[in-house]
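See below for protein-v2.pdb, which holds PDB, C-alpha atoms.
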```
ATOM      1  CA  MET A   1      84.108  -1.297  35.536
ATOM      2  CA  PRO A   2      80.699  -1.216  37.312
ATOM      3  CA  THR A   3      77.738  -0.012  35.334
ATOM      4  CA  THR A   4      76.003   3.144  36.531
ATOM      5  CA  PHE A   5      72.719   4.719  35.570
ATOM      6  CA  SER A   6      71.777   8.367  35.371
ATOM      7  CA  ASP A   7      68.333   9.692  36.141
ATOM      8  CA  THR A   8      67.548   9.722  32.433
ATOM      9  CA  ALA A   9      68.447   6.025  32.234
ATOM     10  CA  ALA A  10      65.768   5.021  34.726
ATOM     11  CA  GLY A  11      63.386   4.150  31.933
ATOM     12  CA  GLY A  12      66.029   1.869  30.438
ATOM     13  CA  LEU A  13      66.502   0.113  33.773
ATOM     14  CA  GLN A  14      62.770  -0.437  33.992
ATOM     15  CA  ARG A  15      62.796  -1.975  30.518
ATOM     16  CA  VAL A  16      65.495  -4.458  31.562
ATOM     17  CA  ALA A  17      63.482  -5.450  34.646
ATOM     18  CA  SER A  18      60.358  -5.878  32.556
ATOM     19  CA  SER A  19      62.234  -8.046  30.064
ATOM     20  CA  ALA A  20      63.223 -10.409  32.889
ATOM     21  CA  LYS A  21      59.579 -10.730  33.915
ATOM     22  CA  VAL A  22      58.476 -11.256  30.346
ATOM     23  CA  ASN A  23      61.165 -13.915  29.960
ATOM     24  CA  ARG A  24      59.840 -15.844  32.992
ATOM     25  CA  TYR A  25      56.328 -15.855  31.566
ATOM     26  CA  THR A  26      57.422 -16.816  28.059
ATOM     27  CA  GLN A  27      59.409 -19.681  29.541
ATOM     28  CA  ALA A  28      56.300 -20.790  31.443
ATOM     29  CA  ALA A  29      54.336 -20.826  28.188
ATOM     30  CA  LEU A  30      56.125 -24.011  27.138
ATOM     31  CA  ALA A  31      55.949 -27.349  28.913
ATOM     32  CA  ASP A  32      59.001 -28.473  30.881
ATOM     33  CA  ASN A  33      59.471 -31.373  28.481
ATOM     34  CA  THR A  34      59.544 -28.939  25.556
ATOM     35  CA  HIS A  35      62.224 -26.843  27.265
ATOM     36  CA  ARG A  36      64.288 -29.962  27.896
ATOM     37  CA  SER A  37      63.943 -31.185  24.316
ATOM     38  CA  TYR A  38      64.934 -27.776  22.884
ATOM     39  CA  LYS A  39      67.918 -27.707  25.227
ATOM     40  CA  ALA A  40      68.981 -31.166  24.046
ATOM     41  CA  ASP A  41      68.528 -30.100  20.420
ATOM     42  CA  MET A  42      70.788 -27.091  20.895
ATOM     43  CA  ALA A  43      73.380 -29.171  22.745
ATOM     44  CA  HIS A  44      73.587 -31.539  19.759
ATOM     45  CA  PHE A  45      73.834 -28.614  17.345
ATOM     46  CA  ARG A  46      76.676 -26.989  19.312
ATOM     47  CA  ALA A  47      78.468 -30.322  19.781
ATOM     48  CA  HIS A  48      78.644 -30.538  15.997
ATOM     49  CA  GLY A  49      80.164 -27.083  15.621
ATOM     50  CA  GLY A  50      76.984 -25.037  15.482
ATOM     51  CA  THR A  51      76.822 -21.485  16.826
ATOM     52  CA  ILE A  52      74.173 -18.824  17.303
ATOM     53  CA  PRO A  53      74.039 -17.039  14.947
ATOM     54  CA  THR A  54      74.911 -19.433  12.175
ATOM     55  CA  THR A  55      74.826 -19.097   8.402
ATOM     56  CA  THR A  56      72.402 -20.750   6.019
ATOM     57  CA  VAL A  57      75.221 -22.838   4.515
ATOM     58  CA  GLN A  58      76.381 -24.043   7.942
ATOM     59  CA  LEU A  59      72.831 -24.966   8.940
ATOM     60  CA  ALA A  60      72.214 -26.822   5.679
ATOM     61  CA  GLU A  61      75.500 -28.708   6.172
ATOM     62  CA  TYR A  62      74.447 -29.640   9.711
ATOM     63  CA  LEU A  63      71.164 -31.092   8.437
ATOM     64  CA  ALA A  64      72.880 -32.990   5.630
ATOM     65  CA  SER A  65      75.581 -34.449   7.899
ATOM     66  CA  SER A  66      72.992 -35.544  10.467
ATOM     67  CA  ALA A  67      70.593 -37.110   7.967
ATOM     68  CA  ASP A  68      72.207 -40.557   8.151
ATOM     69  CA  THR A  69      71.938 -40.816  11.947
ATOM     70  CA  LEU A  70      68.803 -38.837  12.854
ATOM     71  CA  ALA A  71      65.176 -39.363  11.870
ATOM     72  CA  VAL A  72      63.496 -36.733   9.715
ATOM     73  CA  ALA A  73      61.151 -35.841  12.583
ATOM     74  CA  THR A  74      64.185 -35.285  14.844
ATOM     75  CA  LEU A  75      65.827 -33.039  12.262
ATOM     76  CA  GLN A  76      62.625 -31.006  11.972
ATOM     77  CA  HIS A  77      62.541 -30.604  15.750
ATOM     78  CA  ARG A  78      66.211 -29.543  15.795
ATOM     79  CA  LEU A  79      65.488 -26.983  13.104
ATOM     80  CA  ILE A  80      62.641 -25.491  15.159
ATOM     81  CA  ALA A  81      64.928 -25.240  18.199
ATOM     82  CA  ILE A  82      67.645 -23.500  16.166
ATOM     83  CA  HIS A  83      65.058 -21.165  14.638
ATOM     84  CA  ARG A  84      63.757 -20.216  18.110
ATOM     85  CA  ALA A  85      67.275 -19.715  19.462
ATOM     86  CA  HIS A  86      68.031 -17.197  16.710
ATOM     87  CA  LEU A  87      64.828 -15.240  17.246
ATOM     88  CA  GLU A  88      65.284 -15.167  21.025
ATOM     89  CA  ALA A  89      68.826 -13.836  20.553
ATOM     90  CA  GLY A  90      67.569 -11.119  18.199
ATOM     91  CA  HIS A  91      69.040 -12.624  15.016
ATOM     92  CA  ALA A  92      67.412 -13.370  11.683
ATOM     93  CA  SER A  93      66.723 -17.094  11.413
ATOM     94  CA  PRO A  94      68.596 -18.994   8.672
ATOM     95  CA  ALA A  95      65.981 -21.752   9.051
ATOM     96  CA  MET A  96      63.681 -19.728   6.807
ATOM     97  CA  ASP A  97      66.196 -19.585   3.939
ATOM     98  CA  SER A  98      65.354 -21.458   0.742
ATOM     99  CA  LEU A  99      68.644 -23.420   0.863
ATOM    100  CA  VAL A 100      67.807 -24.850   4.285
ATOM    101  CA  LYS A 101      64.222 -25.608   3.259
ATOM    102  CA  ARG A 102      65.325 -27.395   0.083
ATOM    103  CA  THR A 103      67.913 -29.407   2.020
ATOM    104  CA  LEU A 104      65.337 -30.650   4.481
ATOM    105  CA  GLN A 105      62.875 -31.331   1.660
ATOM    106  CA  GLY A 106      65.495 -33.433  -0.110
ATOM    107  CA  ILE A 107      66.240 -35.378   3.080
ATOM    108  CA  ARG A 108      62.534 -35.962   3.586
ATOM    109  CA  ARG A 109      62.088 -37.289   0.046
ATOM    110  CA  THR A 110      65.192 -39.466   0.296
ATOM    111  CA  LYS A 111      64.752 -40.853   3.790
ATOM    112  CA  GLY A 112      60.978 -40.767   4.112
ATOM    113  CA  THR A 113      59.009 -39.494   7.105
ATOM    114  CA  ALA A 114      57.547 -42.671   8.593
ATOM    115  CA  GLN A 115      57.921 -42.468  12.349
ATOM    116  CA  ARG A 116      58.781 -45.435  14.554
ATOM    117  CA  ARG A 117      55.600 -46.694  16.180
ATOM    118  CA  VAL A 118      56.078 -48.270  19.567
ATOM    119  CA  LYS A 119      54.187 -51.413  20.487
ATOM    120  CA  ALA A 120      50.785 -50.860  22.065
ATOM    121  CA  LEU A 121      50.570 -52.826  25.306
ATOM    122  CA  VAL A 122      46.988 -54.120  25.362
ATOM    123  CA  LYS A 123      45.171 -56.000  28.136
ATOM    124  CA  ASP A 124      46.891 -59.377  27.681
ATOM    125  CA  ASP A 125      50.310 -57.694  27.558
ATOM    126  CA  ILE A 126      49.570 -55.656  30.683
ATOM    127  CA  ILE A 127      48.548 -58.738  32.675
ATOM    128  CA  GLU A 128      51.696 -60.557  31.573
ATOM    129  CA  LEU A 129      53.928 -57.621  32.537
ATOM    130  CA  VAL A 130      52.246 -57.227  35.924
ATOM    131  CA  LEU A 131      52.680 -60.944  36.658
ATOM    132  CA  THR A 132      56.353 -60.575  35.790
ATOM    133  CA  ALA A 133      56.756 -57.403  37.863
ATOM    134  CA  GLU A 134      55.205 -59.109  40.892
ATOM    135  CA  LYS A 135      58.097 -61.603  40.984
ATOM    136  CA  GLN A 136      60.452 -58.853  42.179
ATOM    137  CA  LYS A 137      61.172 -57.800  45.753
ATOM    138  CA  PRO A 138      57.993 -56.614  47.574
ATOM    139  CA  MET A 139      58.461 -52.851  47.372
ATOM    140  CA  LYS A 140      59.577 -52.753  43.744
ATOM    141  CA  ALA A 141      56.932 -55.306  42.795
ATOM    142  CA  ALA A 142      54.167 -53.179  44.307
ATOM    143  CA  ARG A 143      55.432 -49.967  42.720
ATOM    144  CA  ASP A 144      55.909 -51.416  39.249
ATOM    145  CA  ALA A 145      52.536 -53.192  39.260
ATOM    146  CA  ALA A 146      50.772 -49.969  40.281
ATOM    147  CA  LEU A 147      52.784 -47.944  37.748
ATOM    148  CA  ILE A 148      51.859 -50.268  34.879
ATOM    149  CA  LEU A 149      48.186 -50.681  35.783
ATOM    150  CA  VAL A 150      47.515 -47.017  36.616
ATOM    151  CA  GLY A 151      49.468 -45.874  33.557
ATOM    152  CA  PHE A 152      47.405 -48.131  31.301
ATOM    153  CA  ALA A 153      43.988 -47.496  32.903
ATOM    154  CA  GLY A 154      44.547 -43.738  32.920
ATOM    155  CA  ALA A 155      45.991 -43.652  29.388
ATOM    156  CA  PHE A 156      48.717 -41.382  30.747
ATOM    157  CA  ARG A 157      51.731 -40.040  28.959
ATOM    158  CA  ARG A 158      54.881 -41.058  30.813
ATOM    159  CA  SER A 159      55.497 -37.469  31.970
ATOM    160  CA  GLU A 160      51.947 -37.295  33.332
ATOM    161  CA  LEU A 161      52.271 -40.619  35.128
ATOM    162  CA  VAL A 162      55.384 -39.620  37.086
ATOM    163  CA  SER A 163      53.944 -36.161  37.857
ATOM    164  CA  ILE A 164      51.037 -37.603  39.886
ATOM    165  CA  ARG A 165      51.126 -36.659  43.567
ATOM    166  CA  LYS A 166      49.286 -38.311  46.414
ATOM    167  CA  GLU A 167      47.208 -35.181  46.958
ATOM    168  CA  ASP A 168      46.077 -35.340  43.304
ATOM    169  CA  ILE A 169      44.095 -38.520  43.991
ATOM    170  CA  THR A 170      40.466 -38.537  45.148
ATOM    171  CA  THR A 171      39.014 -41.868  46.270
ATOM    172  CA  PHE A 172      35.469 -43.025  45.560
ATOM    173  CA  ASP A 173      33.659 -46.281  46.307
ATOM    174  CA  HIS A 174      33.896 -47.388  42.686
ATOM    175  CA  GLY A 175      37.281 -45.979  41.700
ATOM    176  CA  ILE A 176      39.703 -43.084  41.926
ATOM    177  CA  GLU A 177      39.959 -39.701  40.279
ATOM    178  CA  VAL A 178      43.425 -38.520  39.278
ATOM    179  CA  HIS A 179      44.113 -34.884  38.492
ATOM    180  CA  ILE A 180      47.074 -34.183  36.227
ATOM    181  CA  ARG A 181      48.071 -30.603  36.961
ATOM    182  CA  ARG A 182      49.656 -29.913  33.575
ATOM    183  CA  THR A 183      49.452 -31.925  30.386
ATOM    184  CA  LYS A 184      50.905 -31.494  26.933
ATOM    185  CA  THR A 185      47.659 -29.973  25.639
ATOM    186  CA  GLN A 186      46.244 -28.561  28.898
ATOM    187  CA  GLN A 187      48.976 -26.366  30.359
ATOM    188  CA  GLU A 188      46.713 -24.138  32.442
ATOM    189  CA  LYS A 189      43.882 -26.206  33.939
ATOM    190  CA  GLY A 190      45.271 -29.713  33.577
ATOM    191  CA  HIS A 191      43.213 -32.840  33.034
ATOM    192  CA  THR A 192      41.210 -35.103  35.362
ATOM    193  CA  VAL A 193      40.912 -38.837  34.723
ATOM    194  CA  PHE A 194      38.638 -41.362  36.426
ATOM    195  CA  ILE A 195      39.957 -44.905  36.879
ATOM    196  CA  PRO A 196      37.226 -47.398  37.828
ATOM    197  CA  CYS A 197      37.727 -50.430  40.051
ATOM    198  CA  ALA A 198      38.169 -53.666  38.104
ATOM    199  CA  LYS A 199      36.615 -57.014  38.966
ATOM    200  CA  SER A 200      39.797 -58.883  38.086
ATOM    201  CA  SER A 201      42.708 -59.475  40.437
ATOM    202  CA  ARG A 202      44.742 -56.991  38.402
ATOM    203  CA  CYS A 203      42.760 -53.948  39.505
ATOM    204  CA  PRO A 204      44.656 -50.627  39.156
ATOM    205  CA  VAL A 205      42.870 -49.167  42.186
ATOM    206  CA  LYS A 206      43.792 -52.123  44.413
ATOM    207  CA  ALA A 207      47.347 -52.122  43.077
ATOM    208  CA  LEU A 208      47.676 -48.447  43.945
ATOM    209  CA  GLU A 209      46.235 -49.010  47.423
ATOM    210  CA  LYS A 210      48.769 -51.800  47.990
ATOM    211  CA  TRP A 211      51.650 -49.579  46.886
ATOM    212  CA  LEU A 212      50.550 -46.700  49.118
ATOM    213  CA  ALA A 213      50.104 -48.977  52.130
ATOM    214  CA  LEU A 214      53.509 -50.586  51.641
ATOM    215  CA  SER A 215      55.382 -47.368  50.850
ATOM    216  CA  GLY A 216      53.675 -45.194  53.452
ATOM    217  CA  ILE A 217      53.502 -42.290  51.006
ATOM    218  CA  ALA A 218      51.072 -39.721  52.430
ATOM    219  CA  GLN A 219      51.959 -36.752  50.236
ATOM    220  CA  GLY A 220      54.218 -35.766  47.394
ATOM    221  CA  PRO A 221      55.182 -37.768  44.285
ATOM    222  CA  LEU A 222      53.355 -41.054  43.948
ATOM    223  CA  PHE A 223      55.979 -43.073  42.086
ATOM    224  CA  ARG A 224      59.535 -42.831  43.431
ATOM    225  CA  PRO A 225      62.932 -44.487  42.874
ATOM    226  CA  ILE A 226      63.685 -47.714  44.755
ATOM    227  CA  ASN A 227      67.260 -48.816  45.521
ATOM    228  CA  ARG A 228      68.775 -52.287  45.333
ATOM    229  CA  HIS A 229      67.857 -52.882  48.974
ATOM    230  CA  ASP A 230      64.180 -52.547  48.019
ATOM    231  CA  GLN A 231      63.846 -49.230  49.832
ATOM    232  CA  ILE A 232      62.466 -45.915  48.571
ATOM    233  CA  ALA A 233      65.639 -44.057  47.629
ATOM    234  CA  SER A 234      64.292 -40.526  47.246
ATOM    235  CA  SER A 235      61.317 -38.304  47.938
ATOM    236  CA  LYS A 236      61.542 -37.120  44.334
ATOM    237  CA  ALA A 237      59.452 -38.538  41.524
ATOM    238  CA  LEU A 238      60.663 -41.046  38.971
ATOM    239  CA  THR A 239      61.860 -39.524  35.725
ATOM    240  CA  PRO A 240      59.735 -40.016  32.593
ATOM    241  CA  GLN A 241      62.526 -42.198  31.198
ATOM    242  CA  SER A 242      62.118 -44.541  34.179
ATOM    243  CA  VAL A 243      58.646 -45.534  32.961
ATOM    244  CA  ALA A 244      60.162 -46.856  29.740
ATOM    245  CA  LEU A 245      62.872 -48.689  31.711
ATOM    246  CA  VAL A 246      60.280 -50.401  33.912
ATOM    247  CA  LEU A 247      58.286 -51.521  30.869
ATOM    248  CA  LYS A 248      61.361 -52.654  28.969
ATOM    249  CA  GLY A 249      62.651 -54.562  31.990
ATOM    250  CA  ALA A 250      59.356 -56.372  32.519
ATOM    251  CA  THR A 251      59.064 -57.131  28.799
ATOM    252  CA  THR A 252      62.613 -58.526  28.710
ATOM    253  CA  HIS A 253      61.852 -60.925  31.580
ATOM    254  CA  ALA A 254      58.403 -61.853  30.278
ATOM    255  CA  LYS A 255      59.380 -62.265  26.620
ATOM    256  CA  SER A 256      62.805 -61.269  25.345
ATOM    257  CA  SER A 257      65.230 -58.380  25.022
ATOM    258  CA  GLU A 258      64.333 -58.199  21.340
ATOM    259  CA  ALA A 259      60.647 -57.699  22.207
ATOM    260  CA  ALA A 260      61.620 -54.950  24.641
ATOM    261  CA  THR A 261      63.141 -52.827  21.873
ATOM    262  CA  SER A 262      59.664 -52.017  20.526
ATOM    263  CA  VAL A 263      58.307 -51.025  23.952
ATOM    264  CA  ALA A 264      58.469 -47.462  25.303
ATOM    265  CA  GLY A 265      56.756 -45.259  27.866
ATOM    266  CA  HIS A 266      54.129 -44.380  25.272
ATOM    267  CA  SER A 267      53.149 -48.057  24.948
ATOM    268  CA  LEU A 268      50.729 -47.756  27.882
ATOM    269  CA  ARG A 269      48.803 -44.860  26.331
ATOM    270  CA  ALA A 270      48.763 -46.477  22.886
ATOM    271  CA  GLY A 271      47.661 -49.731  24.511
ATOM    272  CA  TYR A 272      44.685 -48.136  26.225
ATOM    273  CA  CYS A 273      43.537 -46.467  22.995
ATOM    274  CA  THR A 274      43.935 -49.689  21.028
ATOM    275  CA  GLU A 275      42.188 -51.884  23.601
ATOM    276  CA  ALA A 276      39.342 -49.404  24.103
ATOM    277  CA  ALA A 277      38.733 -49.153  20.357
ATOM    278  CA  SER A 278      38.832 -52.931  19.956
ATOM    279  CA  VAL A 279      36.031 -53.464  22.496
ATOM    280  CA  GLY A 280      33.856 -50.807  20.888
ATOM    281  CA  ILE A 281      34.171 -47.876  23.282
ATOM    282  CA  ALA A 282      32.980 -44.700  21.556
ATOM    283  CA  THR A 283      35.650 -42.348  20.266
ATOM    284  CA  HIS A 284      34.432 -39.383  22.344
ATOM    285  CA  VAL A 285      34.608 -41.500  25.513
ATOM    286  CA  ILE A 286      38.190 -42.524  24.751
ATOM    287  CA  MET A 287      39.073 -38.881  24.085
ATOM    288  CA  GLU A 288      37.645 -37.850  27.452
ATOM    289  CA  GLN A 289      40.043 -40.283  29.113
ATOM    290  CA  THR A 290      43.093 -39.485  27.026
ATOM    291  CA  GLY A 291      42.540 -35.745  26.710
ATOM    292  CA  HIS A 292      42.947 -35.816  22.930
ATOM    293  CA  ARG A 293      41.433 -32.823  21.192
ATOM    294  CA  SER A 294      40.835 -34.450  17.829
ATOM    295  CA  SER A 295      39.789 -37.891  16.650
ATOM    296  CA  ALA A 296      42.463 -37.682  13.946
ATOM    297  CA  THR A 297      45.204 -37.504  16.571
ATOM    298  CA  LEU A 298      43.595 -40.297  18.573
ATOM    299  CA  ALA A 299      43.516 -42.509  15.477
ATOM    300  CA  LYS A 300      47.322 -42.453  15.361
ATOM    301  CA  TYR A 301      47.418 -44.219  18.729
ATOM    302  CA  ILE A 302      45.167 -47.087  17.723
ATOM    303  CA  ARG A 303      47.136 -50.064  16.413
ATOM    304  CA  PRO A 304      45.636 -52.872  14.318
ATOM    305  CA  LEU A 305      45.283 -56.040  16.377
ATOM    306  CA  ALA A 306      46.053 -59.480  15.049
ATOM    307  CA  ARG A 307      42.917 -61.437  14.236
ATOM    308  CA  ARG A 308      43.628 -64.312  16.608
ATOM    309  CA  ASN A 309      40.015 -65.587  16.563
ATOM    310  CA  THR A 310      39.601 -65.748  12.783
ATOM    311  CA  PRO A 311      38.309 -69.275  11.980
ATOM    312  CA  SER A 312      40.197 -71.440   9.525
ATOM    313  CA  LEU A 313      38.603 -71.889   6.132
ATOM    314  CA  LEU A 314      40.481 -75.141   5.477
TER     315      LEU A 314
END
```

Here is the file; what I need is its structure written in the form of structure tokens.
Amino acid sequence: MPTTFSDTAAGGLQRVASSAKVNRYTQAALADNTHRSYKADMAHFRAHGGTIPTTTVQLAEYLASSADTLAVATLQHRLIAIHRAHLEAGHASPAMDSLVKRTLQGIRRTKGTAQRRVKALVKDDIIELVLTAEKQKPMKAARDAALILVGFAGAFRRSELVSIRKEDITTFDHGIEVHIRRTKTQQEKGHTVFIPCAKSSRCPVKALEKWLALSGIAQGPLFRPINRHDQIASSKALTPQSVALVLKGATTHAKSSEAATSVAGHSLRAGYCTEAASVGIATHVIMEQTGHRSSATLAKYIRPLARRNTPSLL
């Protein structure tokens, strides 16, 4: 039966329309990656019998049953997603109940909260990976070399790296300026990074120029999928996951599949921070490049380097 509205219901109709507008803006308040992660969290919850609304006992059981397969940080993220889903649906959130809190606290004490730290790809690693990538077919070799070098020199997150468009790049005599339209911490105005030319043969600016000349990309996404025939397969950008696959593939060929397990898309960003700190670049300068808002957060990206040059005392 179709819904009808009387004159007195006009105000109610206006409220529904306003709610749709408000919903669009509230959705825009979160980064696309955050929306995707919350969606994945809820899909896992529902796949294991979860519903909205759910009870405190059911939620505590979900956390307990997932504790052996999921990291504590992942469980905390799932709990936030479930909490938000309840509030958005107009239900009281069971995530705030003492039973749920104690369950998570017990898991945290039992399992610990140490997060997996991916390997930081520093200068020597980057050169080795680029040399390996250059052994591929011409188009893929040029793309992967540019992806690795630009990703490292710009200290980009993987989502930022694949979001770069040709029109976001400004060329100067001594380097390029890359504008990231939206970042994790700068949703409104974005972040601009300068990548200087390098004197070595593995210059990120030259690698990018080579990729653009070979690909013919004049506008749109900078890094795109390439098929098995060494042709650009789509005008769409690579996915963030593709960055990790490129790095893992190059690491597997350069070293081993075992070494590749510790490499991820974040390895480029962590590598820049680690390398920059090791050569004595000031913290505030590193933060300008990375876009970090606090030195405490930056410190988490800096990995201790092996003391390869320590002289023997024997």

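For the pair atom CA of A:Thr34 and atom CA of A:Glu275, the interatomic distance is 28.8 Å.
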
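Among the candidates A:His266, A:Arg84, A:Arg293, A:Lys300, the residue lying nearest to A:Leu121 is A:His266 (atoms considered: all atoms listed in the file).
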
**OP:** Tell me which protein, DNA and RNA residues are within 9 Å of A:Leu208, counting only C-alpha atoms, leaving out same-chain ones fewer than 3 positions away, and put them as a PyMOL selection string.
**Re:** chain A and resi 142-143+145-147+149-150+203-205+211-213

**OP:** Give me the residues within 9 Å of A:Val57 as a VMD selection string, counting only C-alpha atoms and dropping any in the same chain fewer than 3 places off.
**Re:** chain A and resid 54 60 to 62 94 99 to 100

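Neighbours of A:Gly112 closer than or equal to 12 Å, with only C-alpha atoms counted and sequence neighbours fewer than 2 positions away skipped, come out as Ala67, Asp68, Leu70, Ala71, Val72, Ala73, Leu104, Gln105, Gly106, Ile107, Arg108, Arg109, Thr110, Ala114, Gln115 and Arg116 of chain A.
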
Original post:
Which residues match the PyMOL selection byres ((chain A and resi 165-177) around 9) in the file above, as JSON, numbers by chain?
Top reply: {"A": [162, 163, 164, 178, 179, 180, 181, 192, 193, 194, 195, 196, 197, 198, 205, 212, 217, 218, 219, 220, 221, 222, 223, 237]}

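The shortest atom-to-atom distance to A:Thr56, with only C-alpha atoms taken into account, belongs to A:Ser98 out of A:Ser98, A:Glu288, A:Lys199, A:Ile281.
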
Could you build a table of the residues in stretch 103-197 of chain A lying no more than 9 Å from stretch 226-236 of chain A, giving for each the nearest pair of atoms and their separation in Å rounded to one decimal place, using only C-alpha atoms, ordered by chain and ascending residue number, as a tab-separated table?
```
residue	atom	partner	partner_atom	distance
A:Lys137	CA	A:Asp230	CA	6.5
A:Pro138	CA	A:Asp230	CA	7.4
A:Met139	CA	A:Asp230	CA	5.8
A:Lys140	CA	A:Asp230	CA	6.3
A:Arg143	CA	A:Ile226	CA	8.8
```

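The set of residues that the PyMOL selection byres ((chain A and resi 251) around 10) takes from this file is Asp125, Ile126, Glu128, Leu129, Val130, Thr132, Ala133, Leu245, Val246, Leu247, Lys248, Gly249, Ala250, Thr252, His253, Ala254, Lys255, Ser256, Ser257, Glu258, Ala259, Ala260, Thr261, Ser262 and Val263 of chain A.
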
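Considering the residues A:Arg182, A:Lys123, A:Ser295, A:Gly50 and counting only C-alpha atoms, A:Leu268 has its shortest atom-to-atom contact with A:Lys123.
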
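Excluding A:Tyr301 itself and any same-chain residue fewer than 5 positions from it, the protein and nucleic acid residues within 9 Å of it, counting all atoms listed in the file, are Arg117, Ala120, Arg269, Ala270, Gly271, Tyr272, Cys273 and Thr274 of chain A.
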
Could you please take those selected residues and save C-alpha atoms as a PDB file, keeping the file's coordinate frame?
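out.pdb, freshly written:
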```pdb
ATOM      1  CA  ARG A 117      55.600 -46.694  16.180  1.00  0.00           C
ATOM      2  CA  ALA A 120      50.785 -50.860  22.065  1.00  0.00           C
ATOM      3  CA  ARG A 269      48.803 -44.860  26.331  1.00  0.00           C
ATOM      4  CA  ALA A 270      48.763 -46.477  22.886  1.00  0.00           C
ATOM      5  CA  GLY A 271      47.661 -49.731  24.511  1.00  0.00           C
ATOM      6  CA  TYR A 272      44.685 -48.136  26.225  1.00  0.00           C
ATOM      7  CA  CYS A 273      43.537 -46.467  22.995  1.00  0.00           C
ATOM      8  CA  THR A 274      43.935 -49.689  21.028  1.00  0.00           C
TER       9      THR A 274
END
```

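Reported to one decimal place, the separation of atom CA of A:Asp124 from atom CA of A:Leu161 is 20.9 Å.
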
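Minimum atom-to-atom distance to A:Asp97, evaluated using only C-alpha atoms, belongs to A:Gln58 out of A:Thr183, A:Gln58, A:Thr297, A:Ser200.
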
**OP:** Rank nothing, just name the residue among A:Gln241, A:Val122, A:Asp144, A:His292 nearest to A:Ala277, using all atoms listed in the file.
**Re:** A:Val122

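Using all atoms listed in the file, the smallest distance between any of A:Arg303, A:His44, A:Lys206, A:Lys189 and A:Ser278 comes from A:Arg303.
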